[in-house]
$ cat final_20.txt   # compact mmCIF, C-alpha atoms
# COMPACT_ATOMS: atom_id res chain seq x y z
CA MET L 1 0.00 0.00 0.00
CA LYS L 2 1.44 3.36 -1.03
CA ILE L 3 0.55 6.12 1.40
CA GLU L 4 1.23 9.78 0.71
CA ILE L 5 0.90 12.54 3.28
CA SER L 6 1.25 16.30 2.99
CA ALA L 7 2.80 18.85 5.31
CA ASP L 8 3.82 22.49 5.39
CA LYS L 9 7.02 23.99 6.73
CA ARG L 10 6.75 25.27 10.29
CA THR L 11 8.63 28.43 11.19
CA LEU L 12 7.33 29.28 14.66
CA GLN L 13 8.79 27.22 17.51
CA GLY L 14 8.06 26.81 21.21
CA LYS L 15 5.25 25.51 23.39
CA GLY L 16 3.04 28.52 22.78
CA ALA L 17 3.34 28.23 19.01
CA SER L 18 2.64 24.49 19.15
CA ARG L 19 -0.42 25.08 21.33
CA ARG L 20 -1.82 27.64 18.89
CA LEU L 21 -1.05 25.27 16.02
CA ARG L 22 -3.05 22.47 17.65
CA GLY L 23 -5.88 24.89 18.33
CA SER L 24 -6.12 25.60 14.61
CA GLY L 25 -6.48 21.90 13.71
CA LYS L 26 -2.82 21.28 12.92
CA VAL L 27 -0.20 18.93 14.37
CA PRO L 28 3.44 19.93 14.93
CA ALA L 29 5.87 17.35 13.58
CA ILE L 30 9.52 16.88 12.68
CA ILE L 31 11.53 15.09 9.98
CA TYR L 32 15.05 13.99 10.84
CA GLY L 33 17.80 11.70 9.61
CA GLY L 34 19.77 11.29 6.43
CA ASP L 35 22.36 13.87 5.50
CA GLN L 36 19.97 16.78 6.02
CA GLU L 37 19.14 18.87 9.05
CA ALA L 38 16.00 18.18 11.05
CA GLN L 39 13.01 20.09 9.67
CA SER L 40 9.96 21.26 11.61
CA ILE L 41 6.64 20.78 9.80
CA GLU L 42 2.91 21.03 10.46
CA MET L 43 0.19 18.65 9.31
CA ASP L 44 -3.60 18.54 9.12
CA HIS L 45 -4.84 16.83 12.29
CA ASN L 46 -7.91 15.09 10.89
CA ASP L 47 -6.09 13.62 7.92
CA LEU L 48 -3.22 12.40 10.12
CA PHE L 49 -5.56 11.03 12.79
CA HIS L 50 -7.40 8.85 10.27
CA LYS L 51 -4.18 7.64 8.63
CA LEU L 52 -2.82 6.60 12.02
CA LYS L 53 -5.67 4.08 12.22
CA LEU L 54 -4.20 2.25 9.21
CA GLU L 55 -1.94 -0.62 10.18
CA ALA L 56 0.19 -0.04 7.09
CA PHE L 57 0.85 3.57 8.12
CA HIS L 58 3.01 2.27 10.98
CA ALA L 59 4.97 -0.30 8.96
CA SER L 60 5.43 1.17 5.47
CA ILE L 61 7.66 3.56 3.62
CA LEU L 62 5.55 6.72 3.48
CA THR L 63 5.82 9.47 0.88
CA LEU L 64 5.90 12.82 2.66
CA SER L 65 5.30 15.92 0.57
CA VAL L 66 6.52 19.17 2.11
CA ALA L 67 5.83 22.27 0.05
CA GLY L 68 5.80 20.13 -3.10
CA LYS L 69 9.04 18.27 -2.33
CA LYS L 70 8.47 14.53 -1.82
CA GLU L 71 10.71 12.19 0.14
CA PRO L 72 10.40 8.68 1.62
CA VAL L 73 10.04 8.54 5.41
CA LEU L 74 9.17 6.19 8.24
CA LEU L 75 6.83 7.00 11.11
CA ARG L 76 9.01 6.79 14.22
CA ASP L 77 7.01 8.27 17.10
CA VAL L 78 3.50 9.49 17.86
CA GLN L 79 2.53 11.44 20.96
CA MET L 80 -1.18 11.29 21.81
CA HIS L 81 -3.15 13.32 24.34
CA PRO L 82 -3.66 11.22 27.51
CA PHE L 83 -7.48 11.28 27.24
CA LYS L 84 -8.51 13.28 24.17
CA LYS L 85 -8.55 11.87 20.66
CA GLN L 86 -5.80 14.27 19.70
CA VAL L 87 -2.38 13.82 18.13
CA LEU L 88 0.12 16.09 19.89
CA HIS L 89 3.31 15.49 17.92
CA VAL L 90 4.74 13.15 15.28
CA ASP L 91 8.30 12.19 14.34
CA PHE L 92 9.32 11.00 10.87
CA GLN L 93 12.70 9.61 9.82
CA ARG L 94 14.12 10.05 6.33
CA VAL L 95 14.85 6.84 4.44
CA ASP L 96 18.10 6.09 2.64
CA LYS L 97 17.32 3.34 0.14
CA SER L 98 20.92 2.10 0.29
CA LYS L 99 20.87 1.49 4.05
CA LYS L 100 19.03 -1.15 6.04
CA ILE L 101 16.23 -0.06 8.35
CA HIS L 102 15.02 -1.46 11.65
CA MET L 103 11.23 -1.69 11.96
CA LYS L 104 8.45 -3.36 13.91
CA VAL L 105 5.95 -5.06 11.59
CA PRO L 106 2.65 -6.71 12.57
CA LEU L 107 2.06 -10.44 12.47
CA HIS L 108 -1.06 -11.75 10.70
CA PHE L 109 -2.17 -15.15 11.97
CA ILE L 110 -3.86 -17.42 9.41
CA ASN L 111 -5.42 -20.90 9.29
CA ALA L 112 -6.01 -21.18 13.04
CA GLU L 113 -9.46 -22.70 12.44
CA ILE L 114 -8.03 -25.66 10.50
CA SER L 115 -5.08 -26.39 12.78
CA PRO L 116 -5.20 -29.80 14.52
CA GLY L 117 -4.87 -28.11 17.91
CA VAL L 118 -8.08 -26.15 17.35
CA LYS L 119 -10.12 -28.35 15.02
CA THR L 120 -9.37 -31.74 16.60
CA SER L 121 -8.32 -30.95 20.17
CA GLY L 122 -10.60 -27.97 20.89
CA GLY L 123 -7.68 -25.75 21.81
CA ILE L 124 -7.37 -21.98 21.79
CA VAL L 125 -4.59 -20.11 19.97
CA THR L 126 -2.55 -17.78 22.17
CA HIS L 127 -0.61 -15.03 20.38
CA ILE L 128 2.62 -14.51 22.30
CA LEU L 129 3.87 -11.91 19.83
CA ASN L 130 1.71 -9.57 17.74
CA GLU L 131 4.60 -7.79 16.02
CA VAL L 132 8.24 -8.51 15.34
CA ASP L 133 11.43 -6.46 14.95
CA ILE L 134 13.00 -6.88 11.53
CA THR L 135 15.85 -5.45 9.50
CA CYS L 136 15.91 -5.08 5.72
CA PHE L 137 16.50 -2.58 2.96
CA PRO L 138 13.62 -0.11 2.49
CA GLY L 139 12.54 -1.68 -0.79
CA ASP L 140 12.08 -5.05 0.90
CA LEU L 141 9.98 -3.83 3.84
CA PRO L 142 6.82 -5.97 4.23
CA GLU L 143 3.60 -4.43 5.56
CA PHE L 144 3.12 -7.56 7.68
CA ILE L 145 4.38 -11.12 8.12
CA SER L 146 1.98 -14.07 7.89
CA VAL L 147 2.05 -16.74 10.58
CA ASP L 148 0.57 -19.99 9.25
CA LEU L 149 -0.98 -22.05 12.06
CA ALA L 150 -2.32 -24.84 9.79
CA GLU L 151 0.04 -27.51 11.20
CA LEU L 152 0.12 -26.39 14.84
CA THR L 153 -1.01 -29.06 17.31
CA ALA L 154 -2.12 -28.69 20.92
CA GLY L 155 0.67 -28.14 23.40
CA HIS L 156 3.14 -27.07 20.73
CA THR L 157 4.59 -23.63 20.04
CA LEU L 158 5.62 -21.79 16.87
CA HIS L 159 8.90 -19.87 17.14
CA LEU L 160 10.52 -17.15 15.05
CA SER L 161 12.55 -19.80 13.24
CA ASP L 162 9.28 -21.35 12.00
CA LEU L 163 8.16 -18.18 10.21
CA VAL L 164 8.45 -17.86 6.44
CA LEU L 165 10.02 -14.44 5.97
CA PRO L 166 10.04 -12.43 2.76
CA LYS L 167 13.29 -12.45 0.80
CA ASP L 168 16.14 -10.42 2.34
CA VAL L 169 14.21 -9.82 5.59
CA GLU L 170 15.53 -11.06 8.92
CA THR L 171 14.27 -10.85 12.48
CA VAL L 172 16.49 -8.98 14.91
CA ALA L 173 15.98 -11.44 17.78
CA LEU L 174 16.76 -14.53 15.70
CA ALA L 175 19.89 -12.87 14.29
CA LYS L 176 21.04 -12.55 17.91
CA GLY L 177 20.29 -16.22 18.55
CA ASP L 178 17.05 -15.62 20.44
CA ASP L 179 14.36 -17.88 18.93
CA LEU L 180 11.33 -16.24 20.57
CA PRO L 181 7.97 -18.05 20.83
CA VAL L 182 5.29 -16.57 18.56
CA ALA L 183 2.09 -18.57 19.15
CA THR L 184 0.89 -21.67 20.97
CA ILE L 185 -2.31 -23.69 21.31
CA VAL L 186 -3.62 -24.33 24.80
CA ILE L 187 -6.40 -26.75 25.74
CA PRO L 188 -8.93 -25.04 28.08
CA ARG L 189 -9.62 -26.73 31.42
CA SER L 190 -13.25 -27.17 30.46
CA VAL L 191 -12.26 -29.26 27.43
CA LEU L 192 -9.80 -31.29 29.50
CA SER L 193 -12.40 -31.98 32.18
CA GLU L 194 -14.96 -33.02 29.56
CA GLY L 195 -12.43 -35.42 28.08
CA ALA L 196 -11.61 -36.87 31.47
CA ALA L 197 -15.32 -37.30 32.28
CA GLY L 198 -15.83 -39.09 28.96
CA GLU L 199 -12.97 -41.47 29.66
CA GLU L 200 -14.38 -42.28 33.09
CA ALA L 201 -17.79 -43.02 31.59
CA GLU L 202 -16.23 -45.36 29.03
CA ALA L 203 -14.27 -47.12 31.76
CA GLU L 204 -17.45 -47.68 33.80
CA LYS L 205 -19.17 -49.25 30.78
CA GLU L 206 -16.34 -51.73 30.46

$ encode --input "final_20.txt" --output "structure tokens"
Amino acid sequence: MKIEISADKRTLQGKGASRRLRGSGKVPAIIYGGDQEAQSIEMDHNDLFHKLKLEAFHASILTLSVAGKKEPVLLRDVQMHPFKKQVLHVDFQRVDKSKKIHMKVPLHFINAEISPGVKTSGGIVTHILNEVDITCFPGDLPEFISVDLAELTAGHTLHLSDLVLPKDVETVALAKGDDLPVATIVIPRSVLSEGAAGEEAEAEKE
């Protein structure tokens, strides 16, 4: 998904200026990184607020247009009001296509309903991780990584090493030798007790 956002240059600095900016429906923000100086910008609050609801907005190379000049950036930080639905400040980082980036991308779990642990054993899938740290070149950045649960049985766990990663993408933890658990299937006590009761009934018949 290609996402483009627009911003204007911001000249006034300070808490007072930022407060007035927010009062006019704008959000103060900053772009940093690369071989350029950090640049203060302002963005439309409503447009930004709705884009922040998109999963891909947090794990994609974004195209940021400032006064007509477009450049690729990553969303790096969002400050929200503690109780209002208001974005207070946003940080973007410039992207150098020749250098690897470090990002958190969401995990999408598929085929849970046909896994033996769920379909046959009546288990429940527990997501231990919902996102994962990866490194890759900007052009290889995936919006998400699929976790296929089709073969997962009850009592077993999928780890990072079990994931099928896109080409030229690696997980930070696994590169350090830490094979983190991703998902497991647990049998609820109610199902276990029903099974035990059924076995007792069969034994009495015999």

$ closest_residue --input "final_20.txt" --among "L:Ser161, L:Thr171, L:Gln86, L:Ser121" --to "Val105 in chain L" --atoms "only C-alpha atoms"
L:Thr171

$ atom_distance --input "final_20.txt" --atom1 "CA of Asp133 in chain L" --atom2 "CA of Ile187 in chain L"
29.1 Å

$ residues_near_point --input "final_20.txt" --point "(10.5, -18.5, 8.6)" --cutoff "12 Å" --atoms "only C-alpha atoms" --output "PyMOL selection string"
chain L and resi 145-148+158-171+174+179+182

$ residues_around --input "final_20.txt" --residues "range 42-55 of chain L" --least-positions-apart "6" --cutoff "10 Å" --atoms "all atoms listed in the file" --output "VMD selection string"
chain L and resid 3 to 11 18 21 to 22 24 to 30 66 75 78 85 to 90 105 to 106 143 to 144

$ atom_distance --input "final_20.txt" --atom1 "CA of Val125 in chain L" --atom2 "CA of Thr184 in chain L"
5.8 Å

$ closest_residue --input "final_20.txt" --among "L:His108, L:Arg20, L:Gln39, L:Lys2" --to "Thr63 in chain L" --atoms "all atoms listed in the file"
L:Lys2

$ atom_distance --input "final_20.txt" --atom1 "CA of Val95 in chain L" --atom2 "CA of Val132 in chain L"
20.0 Å

$ residues_around --input "final_20.txt" --residues "Arg94 in chain L" --least-positions-apart "5" --cutoff "9 Å" --atoms "only C-alpha atoms" --output "list in words"
Ile31, Tyr32, Gly33, Gly34, Gln36, Glu71, Pro72, Val73 and Leu74 of chain L

$ residues_near_point --input "final_20.txt" --point "(2.3, -0.2, 0.5)" --cutoff "10 Å" --atoms "only C-alpha atoms" --output "PyMOL selection string"
chain L and resi 1-3+56-57+59-62+141-143

$ write_last_selection --input "final_20.txt" --atoms "C-alpha atoms" --output "tab-separated table (two decimals), in the frame of the given file"
chain	number	residue	atom	x	y	z
L	1	MET	CA	0.00	0.00	0.00
L	2	LYS	CA	1.44	3.36	-1.03
L	3	ILE	CA	0.55	6.12	1.40
L	56	ALA	CA	0.19	-0.04	7.09
L	57	PHE	CA	0.85	3.57	8.12
L	59	ALA	CA	4.97	-0.30	8.96
L	60	SER	CA	5.43	1.17	5.47
L	61	ILE	CA	7.66	3.56	3.62
L	62	LEU	CA	5.55	6.72	3.48
L	141	LEU	CA	9.98	-3.83	3.84
L	142	PRO	CA	6.82	-5.97	4.23
L	143	GLU	CA	3.60	-4.43	5.56

$ axis_aligned_box --input "final_20.txt" --around "range 47-66 of chain L" --padding-each-side "5 Å" --output "AutoDock Vina command-line options"
--center_x 0.1 --center_y 9.3 --center_z 6.7 --size_x 25.1 --size_y 29.8 --size_z 22.2

$ closest_residue --input "final_20.txt" --among "L:Ser40, L:Gln93, L:Thr153, L:Ser65" --to "Ile124 in chain L" --atoms "all atoms listed in the file"
L:Thr153

$ closest_residue --input "final_20.txt" --among "L:Cys136, L:Ala154, L:Ala183, L:Ala17" --to "Gly117 in chain L" --atoms "only C-alpha atoms"
L:Ala154

$ build_atoms --input "final_20.txt" --residues "range 59-81 of chain L" --atoms "N, CA, C and O atoms" --output "PDB file, keeping the file's coordinate frame"
ATOM      1  N   ALA L  59       3.962   0.673   9.403  1.00  0.00           N
ATOM      2  CA  ALA L  59       4.970  -0.300   8.960  1.00  0.00           C
ATOM      3  C   ALA L  59       5.211  -0.226   7.457  1.00  0.00           C
ATOM      4  O   ALA L  59       5.388  -1.244   6.803  1.00  0.00           O
ATOM      5  N   SER L  60       5.204   0.989   6.913  1.00  0.00           N
ATOM      6  CA  SER L  60       5.430   1.170   5.470  1.00  0.00           C
ATOM      7  C   SER L  60       6.339   2.362   5.242  1.00  0.00           C
ATOM      8  O   SER L  60       6.479   3.237   6.098  1.00  0.00           O
ATOM      9  N   ILE L  61       6.943   2.369   4.068  1.00  0.00           N
ATOM     10  CA  ILE L  61       7.660   3.560   3.620  1.00  0.00           C
ATOM     11  C   ILE L  61       6.602   4.553   3.164  1.00  0.00           C
ATOM     12  O   ILE L  61       5.849   4.273   2.236  1.00  0.00           O
ATOM     13  N   LEU L  62       6.534   5.693   3.814  1.00  0.00           N
ATOM     14  CA  LEU L  62       5.550   6.720   3.480  1.00  0.00           C
ATOM     15  C   LEU L  62       6.172   7.761   2.551  1.00  0.00           C
ATOM     16  O   LEU L  62       7.379   8.006   2.603  1.00  0.00           O
ATOM     17  N   THR L  63       5.359   8.364   1.711  1.00  0.00           N
ATOM     18  CA  THR L  63       5.820   9.470   0.880  1.00  0.00           C
ATOM     19  C   THR L  63       5.319  10.768   1.506  1.00  0.00           C
ATOM     20  O   THR L  63       4.116  11.015   1.579  1.00  0.00           O
ATOM     21  N   LEU L  64       6.251  11.556   2.000  1.00  0.00           N
ATOM     22  CA  LEU L  64       5.900  12.820   2.660  1.00  0.00           C
ATOM     23  C   LEU L  64       6.188  13.980   1.721  1.00  0.00           C
ATOM     24  O   LEU L  64       7.317  14.148   1.255  1.00  0.00           O
ATOM     25  N   SER L  65       5.160  14.763   1.455  1.00  0.00           N
ATOM     26  CA  SER L  65       5.300  15.920   0.570  1.00  0.00           C
ATOM     27  C   SER L  65       5.293  17.197   1.413  1.00  0.00           C
ATOM     28  O   SER L  65       4.307  17.505   2.092  1.00  0.00           O
ATOM     29  N   VAL L  66       6.399  17.906   1.377  1.00  0.00           N
ATOM     30  CA  VAL L  66       6.520  19.170   2.110  1.00  0.00           C
ATOM     31  C   VAL L  66       6.754  20.294   1.115  1.00  0.00           C
ATOM     32  O   VAL L  66       7.801  20.342   0.462  1.00  0.00           O
ATOM     33  N   ALA L  67       5.748  21.149   0.998  1.00  0.00           N
ATOM     34  CA  ALA L  67       5.830  22.270   0.050  1.00  0.00           C
ATOM     35  C   ALA L  67       6.182  21.778  -1.361  1.00  0.00           C
ATOM     36  O   ALA L  67       6.987  22.383  -2.072  1.00  0.00           O
ATOM     37  N   GLY L  68       5.604  20.650  -1.749  1.00  0.00           N
ATOM     38  CA  GLY L  68       5.800  20.130  -3.100  1.00  0.00           C
ATOM     39  C   GLY L  68       6.980  19.199  -3.252  1.00  0.00           C
ATOM     40  O   GLY L  68       7.096  18.492  -4.260  1.00  0.00           O
ATOM     41  N   LYS L  69       7.881  19.159  -2.269  1.00  0.00           N
ATOM     42  CA  LYS L  69       9.040  18.270  -2.330  1.00  0.00           C
ATOM     43  C   LYS L  69       8.698  16.951  -1.636  1.00  0.00           C
ATOM     44  O   LYS L  69       8.327  16.936  -0.471  1.00  0.00           O
ATOM     45  N   LYS L  70       8.834  15.840  -2.364  1.00  0.00           N
ATOM     46  CA  LYS L  70       8.470  14.530  -1.820  1.00  0.00           C
ATOM     47  C   LYS L  70       9.720  13.757  -1.411  1.00  0.00           C
ATOM     48  O   LYS L  70      10.743  13.797  -2.095  1.00  0.00           O
ATOM     49  N   GLU L  71       9.614  13.043  -0.286  1.00  0.00           N
ATOM     50  CA  GLU L  71      10.710  12.190   0.140  1.00  0.00           C
ATOM     51  C   GLU L  71      10.161  11.006   0.944  1.00  0.00           C
ATOM     52  O   GLU L  71       9.107  11.107   1.586  1.00  0.00           O
ATOM     53  N   PRO L  72      10.854   9.860   0.892  1.00  0.00           N
ATOM     54  CA  PRO L  72      10.400   8.680   1.620  1.00  0.00           C
ATOM     55  C   PRO L  72      10.764   8.788   3.109  1.00  0.00           C
ATOM     56  O   PRO L  72      11.889   9.181   3.451  1.00  0.00           O
ATOM     57  N   VAL L  73       9.816   8.456   3.970  1.00  0.00           N
ATOM     58  CA  VAL L  73      10.040   8.540   5.410  1.00  0.00           C
ATOM     59  C   VAL L  73       9.392   7.346   6.119  1.00  0.00           C
ATOM     60  O   VAL L  73       8.561   6.639   5.547  1.00  0.00           O
ATOM     61  N   LEU L  74       9.790   7.170   7.362  1.00  0.00           N
ATOM     62  CA  LEU L  74       9.170   6.190   8.240  1.00  0.00           C
ATOM     63  C   LEU L  74       8.563   6.924   9.432  1.00  0.00           C
ATOM     64  O   LEU L  74       9.148   7.891   9.937  1.00  0.00           O
ATOM     65  N   LEU L  75       7.416   6.466   9.882  1.00  0.00           N
ATOM     66  CA  LEU L  75       6.830   7.000  11.110  1.00  0.00           C
ATOM     67  C   LEU L  75       7.622   6.419  12.282  1.00  0.00           C
ATOM     68  O   LEU L  75       7.726   5.206  12.430  1.00  0.00           O
ATOM     69  N   ARG L  76       8.170   7.276  13.125  1.00  0.00           N
ATOM     70  CA  ARG L  76       9.010   6.790  14.220  1.00  0.00           C
ATOM     71  C   ARG L  76       8.394   7.007  15.605  1.00  0.00           C
ATOM     72  O   ARG L  76       8.651   6.257  16.521  1.00  0.00           O
ATOM     73  N   ASP L  77       7.589   8.044  15.772  1.00  0.00           N
ATOM     74  CA  ASP L  77       7.010   8.270  17.100  1.00  0.00           C
ATOM     75  C   ASP L  77       5.740   9.098  16.979  1.00  0.00           C
ATOM     76  O   ASP L  77       5.649  10.005  16.147  1.00  0.00           O
ATOM     77  N   VAL L  78       4.763   8.749  17.811  1.00  0.00           N
ATOM     78  CA  VAL L  78       3.500   9.490  17.860  1.00  0.00           C
ATOM     79  C   VAL L  78       3.180   9.793  19.318  1.00  0.00           C
ATOM     80  O   VAL L  78       3.170   8.891  20.161  1.00  0.00           O
ATOM     81  N   GLN L  79       2.941  11.050  19.609  1.00  0.00           N
ATOM     82  CA  GLN L  79       2.530  11.440  20.960  1.00  0.00           C
ATOM     83  C   GLN L  79       1.045  11.787  20.930  1.00  0.00           C
ATOM     84  O   GLN L  79       0.630  12.673  20.185  1.00  0.00           O
ATOM     85  N   MET L  80       0.258  11.060  21.738  1.00  0.00           N
ATOM     86  CA  MET L  80      -1.180  11.290  21.810  1.00  0.00           C
ATOM     87  C   MET L  80      -1.541  11.977  23.124  1.00  0.00           C
ATOM     88  O   MET L  80      -0.866  11.812  24.139  1.00  0.00           O
ATOM     89  N   HIS L  81      -2.635  12.726  23.109  1.00  0.00           N
ATOM     90  CA  HIS L  81      -3.150  13.320  24.340  1.00  0.00           C
ATOM     91  C   HIS L  81      -3.592  12.192  25.262  1.00  0.00           C
ATOM     92  O   HIS L  81      -4.134  11.184  24.804  1.00  0.00           O
TER      93      HIS L  81
END
